[in-house]
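**Student:** Here it is: the structure, laid out below.
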Amino acid sequence: MRKKNKRVTGFDIGLYTIFGILGLLTLYPFYYVLIVSFANTQASATYSPYLYPHVFDLTGYQMIIGDIYFFKSLMTTLFVTAVGTSLNMVISVMTAYVLSRKRLLGRKQLIVLITFTMLFSGGLIPTYLVVSNLGLINSIWAMIFPGMISTYYVIIMKNYFSGLPQSLEDAAKIDGANDLKVLYKIYLPISKPFMATFALFYAVERWNEWWNAYLYISDKNIKPLQIYLRDILVNFSNQLSTQAQSVVNSQGKVYVQSVQMATIVITMLPIMCLYPFLQKYFVKGVMIGAIKE
């Protein structure tokens, strides 16, 4: 039987128009950052407002790539993201699995204590003293260890593991599997979308890490990319190294805002390139538990 074409009503047109406008308003800041990163002083002064690219000047990108501290901060951020996300996932998954086992002695008390940390913390000064006494000041591990685990994510993972069929674990135990094998051989393979979702969350948080670095890191050689970006936006001249300044001297006056926008583009590009590879898992992962049968 031939299906009737759905009639487009005035309400549909109005709805599409509203969401289209909202979409454009959301995308415009990204578009503006991109086109200004290729601008120069003359173009920005001639064309105002700067709505589309009039020149294609790569001076801003040359200055950033020519700065040795950019590559050092990039290596720091890549290390923190890779190692930090891996440790986050391992510890969070193991903690969530243990808490999901009803036979665990003191399970309810542990969950209460863990949930309590979501409401109250020791505060900034006690945390700083702990990090200092552990010898992590001006150490790259100061950006990894304090944020080793997210209580919120652990609670969600715990609820997910609790919702998996008990028969899976029982069948594995009959075949002689212990808890470690049940977790890594049974639960994790069927939970790839769920795990990929939280791996993406952790990776984004690690990539955007700046607070711990701002508190505990003063050595420019191990500052992460977000602190480098902050320094570029706040203190343009003092942040650039001699090599980058030579680009300015050889090409005359440089458009400061193009350098700042180029830094933003380079900073957000890697994590944006990672997202499409995890998107299919992300969509499935966020829907887990949303529908109850």
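Residue names in the structure tokens use chain letters A, B, ... in the order shown, residue numbers from 1 in each chain, and ligand numbers from 1 in the order shown.
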Do you know which residues are at most 7 Å from Val80 (chain A) counting only C-alpha atoms, after dropping those on the same chain fewer than 5 positions away, and could you put them as a tab-separated table (two decimals) with N, CA and C atoms, in the first residue's frame?

**Tutor:**
chain	number	residue	atom	x	y	z
A	143	MET	N	48.45	16.76	37.10
A	143	MET	CA	47.28	16.93	36.23
A	143	MET	C	46.53	15.61	36.02
A	144	ILE	N	47.06	14.52	36.56
A	144	ILE	CA	46.46	13.21	36.34
A	144	ILE	C	45.89	12.62	37.62
A	206	ARG	N	40.16	15.62	30.01
A	206	ARG	CA	41.63	15.64	30.09
A	206	ARG	C	42.23	16.62	29.09

**Student:** Find the spatial neighbours of region 257-267 of chain A, counting only C-alpha atoms, within a cut-off of 7 Å - ignore same-chain residues fewer than 3 positions away - and output them as a PyMOL selection string.

**Tutor:** chain A and resi 33-34+36-40+60-61+64+225+229+232-233

**Student:** Go through A:Ile18, A:Cys273, A:Leu110, A:Ala199 and flag the residue nearest Gly84 (chain A), using only C-alpha atoms for the distances.

**Tutor:**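 Smallest separation from Gly84 (chain A) among the options: A:Ala199.
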
**Student:** Return as CSV the residues of region 88-171 of chain A lying at most 12 Å from region 211-224 of chain A, together with the closest atom-to-atom pair for each and the distance in Å to one decimal, counting only C-alpha atoms, with rows in chain order and ascending residue number.

**Tutor:**
residue,atom,partner,partner_atom,distance
A:Leu124,CA,A:Leu215,CA,9.6
A:Ile125,CA,A:Leu215,CA,10.7
A:Thr127,CA,A:Leu215,CA,10.5
A:Tyr128,CA,A:Tyr216,CA,7.9
A:Leu129,CA,A:Tyr216,CA,10.6
A:Val130,CA,A:Tyr216,CA,11.4
A:Val131,CA,A:Tyr216,CA,8.2
A:Ser132,CA,A:Tyr216,CA,8.4
A:Leu134,CA,A:Tyr216,CA,11.9
A:Gly135,CA,A:Tyr216,CA,10.5
A:Leu136,CA,A:Tyr216,CA,7.7
A:Ile137,CA,A:Tyr216,CA,5.2
A:Asn138,CA,A:Ile217,CA,4.5
A:Ser139,CA,A:Ile217,CA,7.0
A:Ile140,CA,A:Ile222,CA,6.6
A:Trp141,CA,A:Ala213,CA,9.8
A:Ala142,CA,A:Tyr216,CA,6.6
A:Met143,CA,A:Asn212,CA,5.5
A:Ile144,CA,A:Asn212,CA,8.7
A:Phe145,CA,A:Asn212,CA,9.9
A:Pro146,CA,A:Asn212,CA,7.9
A:Gly147,CA,A:Asn212,CA,8.7

**Student:** If you run DSSP over the backbone, which residues in region 39-139 of chain A end up helix (DSSP H, G or I)? Put them as a ChimeraX atom specification.

**Tutor:** /A:41-46,59-65,68-100,107-119,124-133

**Student:** Hey, can you check how far CA of Tyr52 (chain A) sits from CA of Thr26 (chain A)?

**Tutor:**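 Between CA of Tyr52 (chain A) and CA of Thr26 (chain A) the gap works out to 16.6 Å.
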
**Student:** Skipping near chain neighbours, those fewer than 2 positions away, what residues fall within 9 Å of Asn88 (chain A) using only C-alpha atoms, listed as a ChimeraX atom specification?

**Tutor:** /A:83-86,90-93,144,147-150,199,202

**Student:** Would you list the contacts of Ile271 (chain A) as a PDB file with all heavy atoms, in the first residue's frame, taking every protein, DNA or RNA residue within 9 Å and counting only C-alpha atoms, but skipping same-chain residues closer than 2 positions in sequence?

**Tutor:**
ATOM      1  N   ALA A 203      38.200  11.817  27.960  1.00  0.00           N
ATOM      2  CA  ALA A 203      39.213  12.377  27.060  1.00  0.00           C
ATOM      3  C   ALA A 203      39.013  13.874  26.869  1.00  0.00           C
ATOM      4  O   ALA A 203      39.982  14.653  26.863  1.00  0.00           O
ATOM      5  CB  ALA A 203      39.168  11.654  25.712  1.00  0.00           C
ATOM      6  N   VAL A 204      37.755  14.300  26.728  1.00  0.00           N
ATOM      7  CA  VAL A 204      37.478  15.737  26.572  1.00  0.00           C
ATOM      8  C   VAL A 204      37.879  16.495  27.832  1.00  0.00           C
ATOM      9  O   VAL A 204      38.457  17.585  27.764  1.00  0.00           O
ATOM     10  CB  VAL A 204      35.987  15.955  26.246  1.00  0.00           C
ATOM     11  CG1 VAL A 204      35.634  17.437  26.296  1.00  0.00           C
ATOM     12  CG2 VAL A 204      35.652  15.390  24.874  1.00  0.00           C
ATOM     13  N   TRP A 207      41.660  16.664  27.894  1.00  0.00           N
ATOM     14  CA  TRP A 207      42.176  17.581  26.878  1.00  0.00           C
ATOM     15  C   TRP A 207      41.986  19.034  27.310  1.00  0.00           C
ATOM     16  O   TRP A 207      42.816  19.887  27.033  1.00  0.00           O
ATOM     17  CB  TRP A 207      41.472  17.327  25.548  1.00  0.00           C
ATOM     18  CG  TRP A 207      41.982  18.176  24.430  1.00  0.00           C
ATOM     19  CD1 TRP A 207      41.480  19.368  23.999  1.00  0.00           C
ATOM     20  CD2 TRP A 207      43.135  17.916  23.615  1.00  0.00           C
ATOM     21  NE1 TRP A 207      42.230  19.867  22.956  1.00  0.00           N
ATOM     22  CE2 TRP A 207      43.257  18.991  22.704  1.00  0.00           C
ATOM     23  CE3 TRP A 207      44.065  16.874  23.550  1.00  0.00           C
ATOM     24  CZ2 TRP A 207      44.263  19.047  21.751  1.00  0.00           C
ATOM     25  CZ3 TRP A 207      45.069  16.933  22.608  1.00  0.00           C
ATOM     26  CH2 TRP A 207      45.167  18.013  21.730  1.00  0.00           C
ATOM     27  N   THR A 267      43.942  24.316  19.012  1.00  0.00           N
ATOM     28  CA  THR A 267      43.672  23.655  20.288  1.00  0.00           C
ATOM     29  C   THR A 267      42.463  22.734  20.222  1.00  0.00           C
ATOM     30  O   THR A 267      42.468  21.637  20.785  1.00  0.00           O
ATOM     31  CB  THR A 267      43.463  24.706  21.389  1.00  0.00           C
ATOM     32  OG1 THR A 267      44.628  25.534  21.480  1.00  0.00           O
ATOM     33  CG2 THR A 267      43.221  24.053  22.733  1.00  0.00           C
ATOM     34  N   MET A 268      41.409  23.173  19.534  1.00  0.00           N
ATOM     35  CA  MET A 268      40.183  22.366  19.522  1.00  0.00           C
ATOM     36  C   MET A 268      40.142  21.367  18.367  1.00  0.00           C
ATOM     37  O   MET A 268      39.306  20.454  18.371  1.00  0.00           O
ATOM     38  CB  MET A 268      38.952  23.277  19.452  1.00  0.00           C
ATOM     39  CG  MET A 268      38.779  24.012  18.149  1.00  0.00           C
ATOM     40  SD  MET A 268      37.299  25.072  18.177  1.00  0.00           S
ATOM     41  CE  MET A 268      37.327  25.727  16.503  1.00  0.00           C
ATOM     42  N   LEU A 269      41.050  21.480  17.393  1.00  0.00           N
ATOM     43  CA  LEU A 269      40.994  20.619  16.209  1.00  0.00           C
ATOM     44  C   LEU A 269      41.185  19.135  16.516  1.00  0.00           C
ATOM     45  O   LEU A 269      40.417  18.298  16.015  1.00  0.00           O
ATOM     46  CB  LEU A 269      42.031  21.099  15.178  1.00  0.00           C
ATOM     47  CG  LEU A 269      41.956  20.453  13.803  1.00  0.00           C
ATOM     48  CD1 LEU A 269      40.599  20.741  13.161  1.00  0.00           C
ATOM     49  CD2 LEU A 269      43.078  20.973  12.910  1.00  0.00           C
ATOM     50  N   CYS A 273      38.468  16.116  15.693  1.00  0.00           N
ATOM     51  CA  CYS A 273      38.762  15.039  14.741  1.00  0.00           C
ATOM     52  C   CYS A 273      38.521  13.668  15.362  1.00  0.00           C
ATOM     53  O   CYS A 273      38.201  12.699  14.666  1.00  0.00           O
ATOM     54  CB  CYS A 273      40.205  15.147  14.259  1.00  0.00           C
ATOM     55  SG  CYS A 273      40.538  16.608  13.250  1.00  0.00           S
ATOM     56  N   LEU A 274      38.667  13.565  16.677  1.00  0.00           N
ATOM     57  CA  LEU A 274      38.447  12.294  17.366  1.00  0.00           C
ATOM     58  C   LEU A 274      36.973  11.946  17.469  1.00  0.00           C
ATOM     59  O   LEU A 274      36.601  10.762  17.408  1.00  0.00           O
ATOM     60  CB  LEU A 274      39.065  12.355  18.774  1.00  0.00           C
ATOM     61  CG  LEU A 274      38.864  11.141  19.687  1.00  0.00           C
ATOM     62  CD1 LEU A 274      39.573   9.918  19.112  1.00  0.00           C
ATOM     63  CD2 LEU A 274      39.372  11.439  21.095  1.00  0.00           C
ATOM     64  N   TYR A 275      36.127  12.942  17.610  1.00  0.00           N
ATOM     65  CA  TYR A 275      34.708  12.700  17.866  1.00  0.00           C
ATOM     66  C   TYR A 275      34.012  11.866  16.782  1.00  0.00           C
ATOM     67  O   TYR A 275      33.237  10.959  17.119  1.00  0.00           O
ATOM     68  CB  TYR A 275      33.977  14.024  18.056  1.00  0.00           C
ATOM     69  CG  TYR A 275      32.495  13.867  18.294  1.00  0.00           C
ATOM     70  CD1 TYR A 275      32.007  13.482  19.540  1.00  0.00           C
ATOM     71  CD2 TYR A 275      31.577  14.075  17.265  1.00  0.00           C
ATOM     72  CE1 TYR A 275      30.651  13.334  19.766  1.00  0.00           C
ATOM     73  CE2 TYR A 275      30.219  13.918  17.479  1.00  0.00           C
ATOM     74  CZ  TYR A 275      29.771  13.548  18.728  1.00  0.00           C
ATOM     75  OH  TYR A 275      28.427  13.390  18.939  1.00  0.00           O
TER      76      TYR A 275
END

**Student:** Interatomic distance between CA of Trp210 (chain A) and CA of Ile227 (chain A)?

**Tutor:**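 Going from CA of Trp210 (chain A) over to CA of Ile227 (chain A), I get 5.9 Å.
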
**Student:** I need the residue nearest Tyr28 (chain A) from this list: A:Tyr187, A:Tyr160, A:Tyr97, A:Tyr50. Use only C-alpha atoms for the distance.

**Tutor:**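 Comparing A:Tyr187, A:Tyr160, A:Tyr97, A:Tyr50 against Tyr28 (chain A), the winner is A:Tyr50.
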
**Student:** Which value, in Å to one decimal, gives the distance between CA of Ala96 (chain A) and CA of Ser162 (chain A)?

**Tutor:**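 So the two atoms, CA of Ala96 (chain A) and CA of Ser162 (chain A), lie 9.2 Å apart.
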
**Student:** Taking into account only C-alpha atoms, which residue in the set A:Ile35, A:Lys192, A:Leu183, A:Thr17 is nearest to Leu168 (chain A)?

**Tutor:**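 Once distances to Leu168 (chain A) are computed over only C-alpha atoms, the minimum belongs to A:Leu183.
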